[in-house]
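Q: Handing you a structure now.
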Amino acid sequence: SANCRTFVAVKPDGVQRKMVGEIVRRFERRGFKLVALKLVQASEDLLKEHYWDLRSKPFYRELVSFMSSGPVVAMVWEGLDVVKTARKMLGETNPADSLPGSIRGDYCVEVGRNVIHGSDSVESAQKEIHLWFHPNELQSWENSSSRWIYN
Ligand code: DAT
Ligand code: MG
């Protein structure tokens, strides 16, 4: 539904490479609504929870360490099927498999530096939004262009 929400984060490499503006721009122009945004230094505890499903992977420790190496831009975006569409906008996990036109397909080459995170399902989006944001950080506002985006 149009009330679908997803969690997106520009990773430390994306922040270092000045890609925050470009990424926000793509989501805004697609027609999604910005619900929350903050620059945060995530703790290892938060990141361990965020990537809990990957805890048995060989790259888990390096992933948590990398993600806590600098600030990330945490965001919540809302709109029709935004979880699924955001994953398409991101591209594949491995940038080598990501088509040009996707964020990873346009701006990176290695899986360990793939610049952006996006929730992989509605369920994980709900968990991740709850993990990264207090309810009062999620803004409720009327999008004046919604009638030009939805019919
Ligand atoms: P995604 O970020 O596309 O949801 P994921 O949840 O499977 O991918 O993995 C989370 C992150 O872990 C991913 O963005 C980069 C890192 N990662 C995944 N597979 C990896 C691998 N084979 N080697 C190194 N890092 C990997
Ligand atoms: Mg994932």
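Order determines the names: the first chain of the structure tokens is A, the second B, and so forth; residues in each chain are numbered 1 upward, and ligands are numbered 1 upward as they are shown.
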Please list as a PyMOL selection string every residue within 10 Å of Asn3 of chain A, counting only C-alpha atoms and excluding residues in the same chain fewer than 2 positions away.
A: chain A and resi 1+5+33+77-82
Q: Can I get the selection written as a PDB file, in the first residue's frame, with all heavy atoms?
A:
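Contents of out-v4.pdb, as written:
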ATOM      1  N   SER A   1       0.832  -1.210   0.000  1.00  0.00           N
ATOM      2  CA  SER A   1       0.000   0.000   0.000  1.00  0.00           C
ATOM      3  C   SER A   1       0.864   1.256   0.000  1.00  0.00           C
ATOM      4  O   SER A   1       2.075   1.179   0.188  1.00  0.00           O
ATOM      5  CB  SER A   1      -0.890   0.022   1.235  1.00  0.00           C
ATOM      6  OG  SER A   1      -0.128   0.437   2.350  1.00  0.00           O
ATOM      7  N   ARG A   5       6.444   1.395   4.462  1.00  0.00           N
ATOM      8  CA  ARG A   5       7.646   2.125   4.876  1.00  0.00           C
ATOM      9  C   ARG A   5       8.862   1.222   4.823  1.00  0.00           C
ATOM     10  O   ARG A   5       8.768   0.031   5.125  1.00  0.00           O
ATOM     11  CB  ARG A   5       7.490   2.642   6.312  1.00  0.00           C
ATOM     12  CG  ARG A   5       6.554   3.813   6.401  1.00  0.00           C
ATOM     13  CD  ARG A   5       6.424   4.300   7.825  1.00  0.00           C
ATOM     14  NE  ARG A   5       5.662   5.540   7.858  1.00  0.00           N
ATOM     15  CZ  ARG A   5       5.451   6.255   8.954  1.00  0.00           C
ATOM     16  NH1 ARG A   5       5.936   5.848  10.120  1.00  0.00           N
ATOM     17  NH2 ARG A   5       4.755   7.384   8.894  1.00  0.00           N
ATOM     18  N   LYS A  33       8.147   9.487   0.064  1.00  0.00           N
ATOM     19  CA  LYS A  33       8.004  10.530   1.089  1.00  0.00           C
ATOM     20  C   LYS A  33       9.011  10.278   2.202  1.00  0.00           C
ATOM     21  O   LYS A  33       9.086   9.163   2.740  1.00  0.00           O
ATOM     22  CB  LYS A  33       6.579  10.461   1.634  1.00  0.00           C
ATOM     23  CG  LYS A  33       6.252  11.455   2.714  1.00  0.00           C
ATOM     24  CD  LYS A  33       4.818  11.205   3.174  1.00  0.00           C
ATOM     25  CE  LYS A  33       4.460  12.078   4.361  1.00  0.00           C
ATOM     26  NZ  LYS A  33       3.105  11.760   4.851  1.00  0.00           N
ATOM     27  N   TRP A  77      11.676   5.898   4.422  1.00  0.00           N
ATOM     28  CA  TRP A  77      10.938   6.368   3.240  1.00  0.00           C
ATOM     29  C   TRP A  77       9.608   5.637   3.157  1.00  0.00           C
ATOM     30  O   TRP A  77       9.534   4.457   3.492  1.00  0.00           O
ATOM     31  CB  TRP A  77      11.758   6.122   1.964  1.00  0.00           C
ATOM     32  CG  TRP A  77      12.950   7.032   1.868  1.00  0.00           C
ATOM     33  CD1 TRP A  77      14.220   6.761   2.295  1.00  0.00           C
ATOM     34  CD2 TRP A  77      12.978   8.361   1.335  1.00  0.00           C
ATOM     35  NE1 TRP A  77      15.031   7.849   2.059  1.00  0.00           N
ATOM     36  CE2 TRP A  77      14.306   8.843   1.467  1.00  0.00           C
ATOM     37  CE3 TRP A  77      12.004   9.198   0.753  1.00  0.00           C
ATOM     38  CZ2 TRP A  77      14.686  10.111   1.045  1.00  0.00           C
ATOM     39  CZ3 TRP A  77      12.395  10.469   0.324  1.00  0.00           C
ATOM     40  CH2 TRP A  77      13.714  10.917   0.471  1.00  0.00           C
ATOM     41  N   GLU A  78       8.594   6.353   2.708  1.00  0.00           N
ATOM     42  CA  GLU A  78       7.245   5.812   2.647  1.00  0.00           C
ATOM     43  C   GLU A  78       6.661   5.946   1.236  1.00  0.00           C
ATOM     44  O   GLU A  78       6.915   6.943   0.559  1.00  0.00           O
ATOM     45  CB  GLU A  78       6.356   6.592   3.632  1.00  0.00           C
ATOM     46  CG  GLU A  78       4.913   6.132   3.693  1.00  0.00           C
ATOM     47  CD  GLU A  78       4.121   6.971   4.698  1.00  0.00           C
ATOM     48  OE1 GLU A  78       4.315   6.780   5.908  1.00  0.00           O
ATOM     49  OE2 GLU A  78       3.335   7.834   4.246  1.00  0.00           O
ATOM     50  N   GLY A  79       5.878   4.949   0.829  1.00  0.00           N
ATOM     51  CA  GLY A  79       5.183   5.037  -0.448  1.00  0.00           C
ATOM     52  C   GLY A  79       4.751   3.668  -0.933  1.00  0.00           C
ATOM     53  O   GLY A  79       5.029   2.645  -0.296  1.00  0.00           O
ATOM     54  N   LEU A  80       4.108   3.657  -2.074  1.00  0.00           N
ATOM     55  CA  LEU A  80       3.568   2.420  -2.640  1.00  0.00           C
ATOM     56  C   LEU A  80       4.691   1.402  -2.880  1.00  0.00           C
ATOM     57  O   LEU A  80       5.637   1.681  -3.615  1.00  0.00           O
ATOM     58  CB  LEU A  80       2.849   2.739  -3.958  1.00  0.00           C
ATOM     59  CG  LEU A  80       2.156   1.574  -4.660  1.00  0.00           C
ATOM     60  CD1 LEU A  80       1.005   1.028  -3.825  1.00  0.00           C
ATOM     61  CD2 LEU A  80       1.653   2.019  -6.031  1.00  0.00           C
ATOM     62  N   ASP A  81       4.573   0.241  -2.215  1.00  0.00           N
ATOM     63  CA  ASP A  81       5.553  -0.853  -2.381  1.00  0.00           C
ATOM     64  C   ASP A  81       7.008  -0.389  -2.241  1.00  0.00           C
ATOM     65  O   ASP A  81       7.902  -0.872  -2.947  1.00  0.00           O
ATOM     66  CB  ASP A  81       5.374  -1.530  -3.750  1.00  0.00           C
ATOM     67  CG  ASP A  81       4.098  -2.349  -3.824  1.00  0.00           C
ATOM     68  OD1 ASP A  81       3.610  -2.795  -2.765  1.00  0.00           O
ATOM     69  OD2 ASP A  81       3.581  -2.529  -4.944  1.00  0.00           O
ATOM     70  N   VAL A  82       7.241   0.545  -1.318  1.00  0.00           N
ATOM     71  CA  VAL A  82       8.576   1.150  -1.235  1.00  0.00           C
ATOM     72  C   VAL A  82       9.664   0.152  -0.845  1.00  0.00           C
ATOM     73  O   VAL A  82      10.821   0.304  -1.252  1.00  0.00           O
ATOM     74  CB  VAL A  82       8.581   2.393  -0.313  1.00  0.00           C
ATOM     75  CG1 VAL A  82       8.336   2.006   1.135  1.00  0.00           C
ATOM     76  CG2 VAL A  82       9.891   3.162  -0.449  1.00  0.00           C
TER      77      VAL A  82
END
Q: Could you list, with a cut-off of 9 Å and counting only C-alpha atoms and all ligand atoms, the residues of chain A near ligand 2, each shown with its nearest atom pair and the distance in Å rounded to one decimal, rows sorted by chain and ascending number, as CSV?
A:
residue,atom,partner,partner_atom_place_in_ligand_line,distance
A:Tyr51,CA,ligand 2,1 (Mg),7.6
A:Asp53,CA,ligand 2,1 (Mg),8.7
A:Leu54,CA,ligand 2,1 (Mg),8.6
A:Thr93,CA,ligand 2,1 (Mg),7.8
A:His117,CA,ligand 2,1 (Mg),7.0
A:Gly118,CA,ligand 2,1 (Mg),6.8
A:Ser119,CA,ligand 2,1 (Mg),6.2
A:Asp120,CA,ligand 2,1 (Mg),5.7
A:Ser124,CA,ligand 2,1 (Mg),8.9
Q: Okay, now the selection with N, CA, C and O atoms, as a short mmCIF file (atom, residue, chain, number, x, y, z; two decimals), in the first residue's frame?
A:
data_model
loop_
_atom_site.label_atom_id
_atom_site.label_comp_id
_atom_site.auth_asym_id
_atom_site.auth_seq_id
_atom_site.Cartn_x
_atom_site.Cartn_y
_atom_site.Cartn_z
N TYR A 51 22.21 -6.70 11.90
CA TYR A 51 22.66 -7.76 11.00
C TYR A 51 22.61 -9.15 11.65
O TYR A 51 23.33 -10.05 11.24
N ASP A 53 20.69 -11.70 11.46
CA ASP A 53 20.47 -12.84 10.56
C ASP A 53 21.76 -13.30 9.88
O ASP A 53 21.82 -14.42 9.38
N LEU A 54 22.78 -12.44 9.86
CA LEU A 54 24.03 -12.78 9.17
C LEU A 54 25.14 -13.18 10.14
O LEU A 54 26.30 -13.32 9.75
N THR A 93 23.11 -7.12 -4.01
CA THR A 93 24.06 -7.04 -2.90
C THR A 93 25.49 -6.85 -3.41
O THR A 93 26.23 -6.00 -2.92
N HIS A 117 22.26 0.60 2.42
CA HIS A 117 21.44 -0.49 2.95
C HIS A 117 19.96 -0.21 2.66
O HIS A 117 19.53 0.95 2.72
N GLY A 118 19.20 -1.26 2.39
CA GLY A 118 17.75 -1.14 2.29
C GLY A 118 17.10 -2.40 2.81
O GLY A 118 17.57 -3.50 2.51
N SER A 119 16.05 -2.28 3.58
CA SER A 119 15.35 -3.44 4.15
C SER A 119 14.93 -4.40 3.05
O SER A 119 14.52 -3.98 1.96
N ASP A 120 14.98 -5.71 3.35
CA ASP A 120 14.67 -6.70 2.32
C ASP A 120 13.24 -7.22 2.34
O ASP A 120 12.85 -8.02 1.49
N SER A 124 11.21 -7.04 7.94
CA SER A 124 12.50 -6.52 8.40
C SER A 124 12.49 -5.00 8.42
O SER A 124 13.14 -4.37 9.27
#
Q: Please write out the residues within 12 Å of ligand 1 as a PDB file with C-alpha atoms, in the first residue's frame, counting only C-alpha atoms and all ligand atoms.
A:
ATOM      1  CA  PHE A   7      14.538   1.657   6.263  1.00  0.00           C
ATOM      2  CA  VAL A   8      17.415   2.919   4.118  1.00  0.00           C
ATOM      3  CA  ALA A   9      20.899   3.845   5.297  1.00  0.00           C
ATOM      4  CA  VAL A  10      23.821   5.456   3.503  1.00  0.00           C
ATOM      5  CA  LYS A  11      26.785   3.440   4.794  1.00  0.00           C
ATOM      6  CA  PRO A  12      30.068   5.010   6.016  1.00  0.00           C
ATOM      7  CA  ASP A  13      31.593   4.663   2.518  1.00  0.00           C
ATOM      8  CA  LEU A  47      24.709  -3.121  14.250  1.00  0.00           C
ATOM      9  CA  LYS A  48      24.983  -6.645  15.647  1.00  0.00           C
ATOM     10  CA  HIS A  50      20.653  -4.997  12.733  1.00  0.00           C
ATOM     11  CA  TYR A  51      22.664  -7.763  10.999  1.00  0.00           C
ATOM     12  CA  TRP A  52      21.617 -10.559  13.426  1.00  0.00           C
ATOM     13  CA  ASP A  53      20.470 -12.845  10.564  1.00  0.00           C
ATOM     14  CA  LEU A  54      24.033 -12.779   9.168  1.00  0.00           C
ATOM     15  CA  ARG A  55      25.756 -13.590  12.490  1.00  0.00           C
ATOM     16  CA  SER A  56      27.119 -16.939  11.250  1.00  0.00           C
ATOM     17  CA  LYS A  57      28.581 -15.495   8.036  1.00  0.00           C
ATOM     18  CA  PRO A  58      32.374 -15.220   7.749  1.00  0.00           C
ATOM     19  CA  PHE A  59      32.100 -11.502   6.937  1.00  0.00           C
ATOM     20  CA  TYR A  60      29.820 -10.628   9.889  1.00  0.00           C
ATOM     21  CA  ARG A  61      32.506  -9.153  12.191  1.00  0.00           C
ATOM     22  CA  GLU A  62      34.085  -7.141   9.396  1.00  0.00           C
ATOM     23  CA  LEU A  63      30.627  -5.919   8.361  1.00  0.00           C
ATOM     24  CA  VAL A  64      29.755  -4.725  11.866  1.00  0.00           C
ATOM     25  CA  SER A  65      33.199  -3.145  12.252  1.00  0.00           C
ATOM     26  CA  PHE A  66      32.932  -1.340   8.898  1.00  0.00           C
ATOM     27  CA  MET A  67      29.409  -0.102   9.591  1.00  0.00           C
ATOM     28  CA  VAL A  83      10.352  -1.867   0.317  1.00  0.00           C
ATOM     29  CA  LYS A  84      10.465  -3.724  -2.983  1.00  0.00           C
ATOM     30  CA  ALA A  86      13.908   0.577  -2.910  1.00  0.00           C
ATOM     31  CA  ARG A  87      15.668  -2.785  -3.293  1.00  0.00           C
ATOM     32  CA  LYS A  88      15.450  -2.360  -7.074  1.00  0.00           C
ATOM     33  CA  MET A  89      16.790   1.186  -6.798  1.00  0.00           C
ATOM     34  CA  LEU A  90      19.728  -0.143  -4.719  1.00  0.00           C
ATOM     35  CA  GLY A  91      20.657  -2.985  -7.082  1.00  0.00           C
ATOM     36  CA  GLU A  92      22.055  -6.382  -6.067  1.00  0.00           C
ATOM     37  CA  THR A  93      24.059  -7.039  -2.897  1.00  0.00           C
ATOM     38  CA  ASN A  94      27.182  -7.517  -5.010  1.00  0.00           C
ATOM     39  CA  PRO A  95      27.747  -4.363  -7.090  1.00  0.00           C
ATOM     40  CA  ALA A  96      29.200  -6.550  -9.865  1.00  0.00           C
ATOM     41  CA  ASP A  97      25.712  -8.013 -10.354  1.00  0.00           C
ATOM     42  CA  SER A  98      23.978  -4.607 -10.168  1.00  0.00           C
ATOM     43  CA  ILE A 103      22.690   2.995  -6.983  1.00  0.00           C
ATOM     44  CA  ARG A 104      25.149   0.131  -6.481  1.00  0.00           C
ATOM     45  CA  CYS A 108      30.496   1.056  -6.419  1.00  0.00           C
ATOM     46  CA  VAL A 109      32.401  -2.109  -7.263  1.00  0.00           C
ATOM     47  CA  GLU A 110      32.870  -4.253  -4.126  1.00  0.00           C
ATOM     48  CA  VAL A 111      30.344  -6.017  -1.899  1.00  0.00           C
ATOM     49  CA  GLY A 112      32.087  -4.806   1.263  1.00  0.00           C
ATOM     50  CA  ARG A 113      31.747  -1.176   0.096  1.00  0.00           C
ATOM     51  CA  ASN A 114      28.294  -1.144  -1.456  1.00  0.00           C
ATOM     52  CA  VAL A 115      27.352   2.317  -0.094  1.00  0.00           C
ATOM     53  CA  ILE A 116      23.742   1.724   0.898  1.00  0.00           C
ATOM     54  CA  HIS A 117      21.437  -0.492   2.947  1.00  0.00           C
ATOM     55  CA  GLY A 118      17.747  -1.135   2.286  1.00  0.00           C
ATOM     56  CA  SER A 119      15.352  -3.440   4.154  1.00  0.00           C
ATOM     57  CA  ASP A 120      14.670  -6.704   2.320  1.00  0.00           C
ATOM     58  CA  SER A 121      11.038  -7.247   3.407  1.00  0.00           C
ATOM     59  CA  SER A 124      12.500  -6.517   8.405  1.00  0.00           C
ATOM     60  CA  ALA A 125      11.650  -2.904   7.543  1.00  0.00           C
TER      61      ALA A 125
END
Q: Select from segment 49-83 of chain A everything DSSP, run on the backbone, classes as strand (DSSP E), then give the selection as a JSON list (two decimals) with C-alpha atoms, in the first residue's frame.
A:
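Written output follows (out12.json):
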[["chain", "number", "residue", "atom", "x", "y", "z"],
["A", 72, "VAL", "CA", 25.76, 6.62, 8.52],
["A", 73, "VAL", "CA", 22.65, 8.44, 7.29],
["A", 74, "ALA", "CA", 19.61, 6.55, 8.54],
["A", 75, "MET", "CA", 16.31, 7.22, 6.76],
["A", 76, "VAL", "CA", 12.73, 6.06, 6.60],
["A", 77, "TRP", "CA", 10.94, 6.37, 3.24],
["A", 78, "GLU", "CA", 7.24, 5.81, 2.65]]
